[in-house]
file work-v2.cif (mmCIF, C-alpha atoms)
data_coords
loop_
_atom_site.label_atom_id
_atom_site.label_comp_id
_atom_site.auth_asym_id
_atom_site.auth_seq_id
_atom_site.Cartn_x
_atom_site.Cartn_y
_atom_site.Cartn_z
CA MET A 285 -8.60 -53.93 37.10
CA LYS A 286 -8.77 -55.34 33.57
CA THR A 287 -6.81 -58.56 33.84
CA ILE A 288 -6.51 -61.66 31.68
CA ILE A 289 -5.10 -64.87 33.16
CA LEU A 290 -3.81 -67.33 30.57
CA GLY A 291 -2.34 -70.81 31.05
CA ASN A 292 -2.64 -74.57 30.76
CA ALA A 293 -5.45 -76.52 32.38
CA GLY A 294 -4.56 -77.00 36.03
CA ALA A 295 -2.15 -74.04 36.06
CA GLY A 296 -4.14 -72.26 38.78
CA LYS A 297 -6.04 -69.70 36.71
CA THR A 298 -9.29 -70.01 38.66
CA THR A 299 -7.46 -70.01 42.00
CA LEU A 300 -5.55 -66.87 41.09
CA ALA A 301 -8.70 -65.20 39.74
CA ARG A 302 -10.49 -65.85 43.02
CA HIS A 303 -7.53 -64.45 44.93
CA LEU A 304 -7.51 -61.28 42.84
CA LEU A 305 -11.26 -60.87 43.28
CA SER A 306 -10.86 -61.19 47.04
CA GLN A 307 -8.47 -58.22 46.92
CA GLN A 308 -10.50 -55.96 44.63
CA SER A 309 -14.08 -55.88 43.47
CA ALA A 310 -14.37 -57.00 39.85
CA SER A 311 -16.42 -59.32 37.67
CA LEU A 312 -15.12 -62.72 36.56
CA LEU A 313 -15.48 -64.35 33.16
CA PRO A 314 -14.16 -67.91 32.90
CA LEU A 315 -13.69 -68.46 29.17
CA ASP A 316 -14.99 -72.02 29.56
CA ASP A 317 -18.41 -70.41 30.06
CA ILE A 318 -18.45 -68.90 26.56
CA ALA A 319 -16.22 -71.30 24.61
CA PHE A 320 -18.61 -74.25 24.59
CA ALA A 321 -22.24 -74.74 23.63
CA GLY A 322 -23.40 -76.95 26.49
CA GLY A 323 -21.22 -79.90 25.58
CA ILE A 324 -17.80 -80.78 24.26
CA GLU A 325 -18.11 -78.91 20.96
CA ARG A 326 -16.53 -75.47 20.74
CA ARG A 327 -18.81 -72.63 19.73
CA PRO A 328 -17.74 -70.55 16.73
CA VAL A 329 -14.80 -68.45 17.92
CA ALA A 330 -16.45 -65.26 16.63
CA ASP A 331 -19.46 -65.92 18.89
CA SER A 332 -17.24 -66.49 21.92
CA ILE A 333 -15.30 -63.30 21.18
CA ALA A 334 -18.53 -61.32 20.80
CA ASP A 335 -19.74 -62.60 24.19
CA ALA A 336 -16.41 -61.72 25.83
CA ARG A 337 -16.45 -58.23 24.34
CA ALA A 338 -20.02 -57.73 25.57
CA PHE A 339 -18.83 -58.76 29.05
CA ILE A 340 -15.96 -56.24 28.87
CA GLU A 341 -18.29 -53.46 27.71
CA THR A 342 -20.67 -54.01 30.63
CA HIS A 343 -18.04 -54.21 33.41
CA ASP A 344 -15.58 -51.52 34.45
CA HIS A 345 -13.37 -53.93 36.41
CA TRP A 346 -12.90 -57.53 35.32
CA VAL A 347 -10.82 -60.67 35.36
CA ILE A 348 -10.98 -63.09 32.44
CA GLU A 349 -9.33 -66.50 32.73
CA GLY A 350 -8.83 -69.34 30.32
CA CYS A 351 -6.60 -71.31 27.99
CA TYR A 352 -8.16 -70.15 24.70
CA ALA A 353 -5.49 -68.17 22.83
CA ASP A 354 -7.89 -67.53 19.95
CA ILE A 355 -10.30 -65.70 22.26
CA VAL A 356 -7.65 -64.04 24.44
CA GLU A 357 -5.85 -62.59 21.41
CA ALA A 358 -8.96 -60.63 20.43
CA LEU A 359 -9.36 -59.28 23.99
CA LEU A 360 -5.78 -58.12 24.61
CA PRO A 361 -6.41 -54.55 23.36
CA SER A 362 -8.86 -54.10 26.28
CA CYS A 363 -6.51 -55.69 28.83
CA GLU A 364 -4.38 -53.75 31.31
CA THR A 365 -2.57 -56.73 32.85
CA LEU A 366 -1.78 -60.13 31.36
CA LEU A 367 -0.84 -62.91 33.77
CA PHE A 368 0.66 -66.03 32.19
CA LEU A 369 0.52 -68.99 34.55
CA ASN A 370 3.20 -71.48 33.59
CA PRO A 371 4.05 -73.62 36.66
CA GLY A 372 5.13 -76.66 34.65
CA ILE A 373 3.37 -79.81 33.55
CA ASP A 374 3.80 -81.71 36.83
CA ALA A 375 2.21 -78.90 38.86
CA CYS A 376 -0.70 -78.69 36.39
CA VAL A 377 -1.27 -82.45 36.54
CA GLY A 378 -1.14 -82.35 40.34
CA HIS A 379 -3.70 -79.54 40.42
CA CYS A 380 -5.99 -81.47 38.07
CA ARG A 381 -5.78 -84.59 40.23
CA ALA A 382 -6.53 -82.54 43.40
CA ARG A 383 -9.34 -80.52 41.83
CA PRO A 384 -12.61 -80.77 43.75
CA TRP A 385 -15.79 -81.74 41.95
CA GLU A 386 -16.94 -79.00 39.56
CA PRO A 387 -20.74 -79.34 39.44
CA ASP A 388 -20.97 -76.65 36.75
CA LYS A 389 -18.98 -78.93 34.42
CA PHE A 390 -19.83 -82.49 35.49
CA PRO A 391 -23.09 -84.05 36.73
CA SER A 392 -21.29 -86.03 39.46
CA PRO A 393 -17.85 -86.51 41.03
CA GLU A 394 -17.74 -89.91 39.33
CA ALA A 395 -18.28 -88.31 35.91
CA GLN A 396 -15.47 -85.86 36.61
CA ASP A 397 -13.16 -88.70 37.73
CA ALA A 398 -13.99 -90.63 34.55
CA HIS A 399 -12.72 -87.65 32.54
CA LEU A 400 -9.51 -87.23 34.55
CA ASP A 401 -7.24 -89.52 32.49
CA ASN A 402 -8.16 -87.65 29.28
CA LEU A 403 -7.56 -84.30 31.01
CA VAL A 404 -4.16 -85.38 32.34
CA GLU A 405 -3.12 -86.62 28.89
CA TRP A 406 -4.22 -83.29 27.38
CA VAL A 407 -2.35 -81.30 30.06
CA ARG A 408 0.82 -83.34 29.50
CA ALA A 409 0.77 -82.39 25.78
CA TYR A 410 0.88 -78.64 26.56
CA SER A 411 4.47 -78.07 25.47
CA THR A 412 4.08 -79.97 22.19
CA ARG A 413 0.62 -78.90 21.08
CA GLU A 414 0.48 -76.52 18.12
CA ASP A 415 -3.13 -75.44 18.74
CA GLU A 416 -4.78 -72.53 20.55
CA TYR A 417 -4.33 -74.30 23.89
CA GLY A 418 -0.60 -74.97 23.65
CA LEU A 419 2.45 -73.36 25.20
CA ARG A 420 3.69 -71.99 21.87
CA ARG A 421 0.52 -69.90 21.31
CA HIS A 422 0.37 -68.79 24.95
CA ARG A 423 4.02 -67.73 24.83
CA GLU A 424 3.41 -65.79 21.58
CA LEU A 425 0.56 -63.85 23.16
CA TYR A 426 2.56 -63.13 26.28
CA GLU A 427 5.69 -62.02 24.42
CA GLY A 428 3.65 -59.86 22.02
CA PHE A 429 1.69 -58.04 24.74
CA ASP A 430 3.09 -54.55 25.36
CA GLY A 431 1.13 -53.82 28.53
CA ASN A 432 1.72 -54.81 32.14
CA LYS A 433 2.47 -58.53 32.21
CA ARG A 434 3.87 -61.17 34.45
CA GLU A 435 4.71 -64.84 33.98
CA LEU A 436 4.21 -66.90 37.12
CA THR A 437 6.16 -70.15 37.16
CA ASP A 438 6.13 -70.95 40.87
CA PRO A 439 2.76 -72.21 42.16
CA ASP A 440 3.50 -70.54 45.52
CA MET A 441 3.60 -67.16 43.77
CA PHE A 442 -0.04 -67.46 42.80
CA ARG A 443 -1.14 -66.37 46.22
CA ALA A 444 1.05 -63.26 46.15
CA ASP A 445 0.00 -59.96 44.59
CA ALA A 446 0.32 -60.75 40.89
CA GLY A 447 -0.69 -57.39 39.51
CA ASP A 448 2.62 -55.57 40.06
CA GLY A 449 5.66 -55.64 37.85
CA ASN A 450 6.25 -56.20 34.19
CA ASP A 451 8.51 -59.24 33.93
#

call {"tool": "encode", "arguments": {"input": "work-v2.cif", "output": "structure tokens"}}
result
Amino acid sequence: MKTIILGNAGAGKTTLARHLLSQQSASLLPLDDIAFAGGIERRPVADSIADARAFIETHDHWVIEGCYADIVEALLPSCETLLFLNPGIDACVGHCRARPWEPDKFPSPEAQDAHLDNLVEWVRAYSTREDEYGLRRHRELYEGFDGNKRELTDPDMFRADAGDGND
């Protein structure tokens, strides 16, 4: 398994990654872990890509998940399966609102809740953003990938086996 999961915040990337890892032994790299330098500032993209490539080189089976098209693009040559999670803005917002406290990202549930309005606003801009996090860039990567790929638009599909097919 050498799978990349790409999509908007709240699309279900982490949930799907956990499901895949429950089905097959592999290592997980959430791109959030290498995209930031302990705060809200992005690390240099080249440094994040180098860390992701080092992860790939040290693991035979892996799942990488994130919304960073600039990092994902550099990793696609190593990828066997690309999963594009695109359940729609309302589903993503709902997932963000229902997300449990993430202690690896926020010091308290209150701190996470204080960030929620900004996250929801950011998620709602997915289809109009022209940056590395937007639908346009994600769609370009998906359409340009020649390997096994699947776009998942129904949140209920995320629990099904997502590694088969090339839609």

call {"tool": "closest_atom_pairs", "arguments": {"input": "work-v2.cif", "of": "segment 351-420 of chain A", "to": "segment 344-347 of chain A", "cutoff": "12 Å", "atoms": "all atoms listed in the file", "output": "tab-separated table"}}
result
residue	atom	partner	partner_atom	distance
A:Val356	CA	A:Val347	CA	11.9
A:Leu359	CA	A:Val347	CA	11.5
A:Ser362	CA	A:Trp346	CA	10.5
A:Cys363	CA	A:Val347	CA	9.3
A:Glu364	CA	A:Trp346	CA	10.1
A:Thr365	CA	A:Val347	CA	9.5
A:Leu366	CA	A:Val347	CA	9.9
A:Leu367	CA	A:Val347	CA	10.4

call {"tool": "residues_around", "arguments": {"input": "work-v2.cif", "residues": "segment 332-339 of chain A", "least_positions_apart": "3", "cutoff": "7 Å", "atoms": "all atoms listed in the file", "output": "PyMOL selection string"}}
result
chain A and resi 318-319+327-329+342-343+355+358

call {"tool": "resolve_selection", "arguments": {"input": "work-v2.cif", "expression": "the PyMOL selection byres ((chain A and resi 426) around 10)", "output": "PyMOL selection string"}}
result
chain A and resi 290+357+360+366-368+420-425+427-431+433-435

call {"tool": "atom_distance", "arguments": {"input": "work-v2.cif", "atom1": "atom CA of Arg326 of chain A", "atom2": "atom CA of Leu305 of chain A"}}
result
27.4 Å

call {"tool": "closest_residue", "arguments": {"input": "work-v2.cif", "among": "A:Ser311, A:Asn370, A:Trp406, A:Leu400", "to": "Arg383 of chain A", "atoms": "all atoms listed in the file"}}
result
A:Leu400

call {"tool": "closest_residue", "arguments": {"input": "work-v2.cif", "among": "A:His399, A:Leu313, A:Leu436, A:Phe390", "to": "Ile288 of chain A", "atoms": "all atoms listed in the file"}}
result
A:Leu313

call {"tool": "atom_distance", "arguments": {"input": "work-v2.cif", "atom1": "atom CA of Ser392 of chain A", "atom2": "atom CA of Arg408 of chain A"}}
result
24.4 Å

call {"tool": "closest_residue", "arguments": {"input": "work-v2.cif", "among": "A:Gly378, A:Gly322, A:Gly294, A:Gly350", "to": "Glu416 of chain A", "atoms": "only C-alpha atoms"}}
result
A:Gly350

call {"tool": "closest_residue", "arguments": {"input": "work-v2.cif", "among": "A:Asp317, A:Thr437, A:Val404, A:Ala353", "to": "Gly418 of chain A", "atoms": "only C-alpha atoms"}}
result
A:Ala353

call {"tool": "closest_residue", "arguments": {"input": "work-v2.cif", "among": "A:Thr298, A:Asp438, A:Tyr417, A:Met285", "to": "Glu386 of chain A", "atoms": "all atoms listed in the file"}}
result
A:Thr298

call {"tool": "atom_distance", "arguments": {"input": "work-v2.cif", "atom1": "atom CA of Lys297 of chain A", "atom2": "atom CA of Leu369 of chain A"}}
result
6.9 Å

call {"tool": "closest_residue", "arguments": {"input": "work-v2.cif", "among": "A:Leu300, A:Ala330, A:Ala295, A:Ile289", "to": "Arg381 of chain A", "atoms": "all atoms listed in the file"}}
result
A:Ala295

call {"tool": "decode", "arguments": {"input": "work-v2.cif", "residues": "segment 354-371 of chain A", "atoms": "C-alpha atoms", "output": "PDB file, in the first residue's frame"}}
result
ATOM      1  CA  ASP A 354       2.292  21.535  -3.260  1.00  0.00           C
ATOM      2  CA  ILE A 355       3.609  18.628  -1.168  1.00  0.00           C
ATOM      3  CA  VAL A 356       1.360  15.945  -2.678  1.00  0.00           C
ATOM      4  CA  GLU A 357       2.395  16.856  -6.228  1.00  0.00           C
ATOM      5  CA  ALA A 358       6.026  16.024  -5.440  1.00  0.00           C
ATOM      6  CA  LEU A 359       5.038  12.662  -3.903  1.00  0.00           C
ATOM      7  CA  LEU A 360       2.740  11.381  -6.656  1.00  0.00           C
ATOM      8  CA  PRO A 361       5.525   9.525  -8.525  1.00  0.00           C
ATOM      9  CA  SER A 362       5.891   7.268  -5.447  1.00  0.00           C
ATOM     10  CA  CYS A 363       2.135   6.770  -5.035  1.00  0.00           C
ATOM     11  CA  GLU A 364       0.218   3.678  -6.142  1.00  0.00           C
ATOM     12  CA  THR A 365      -3.277   4.906  -5.237  1.00  0.00           C
ATOM     13  CA  LEU A 366      -4.626   8.447  -5.009  1.00  0.00           C
ATOM     14  CA  LEU A 367      -7.883   8.941  -3.126  1.00  0.00           C
ATOM     15  CA  PHE A 368      -9.556  12.329  -3.583  1.00  0.00           C
ATOM     16  CA  LEU A 369     -12.117  12.992  -0.865  1.00  0.00           C
ATOM     17  CA  ASN A 370     -14.652  15.499  -2.121  1.00  0.00           C
ATOM     18  CA  PRO A 371     -17.897  15.079  -0.124  1.00  0.00           C
TER      19      PRO A 371
END
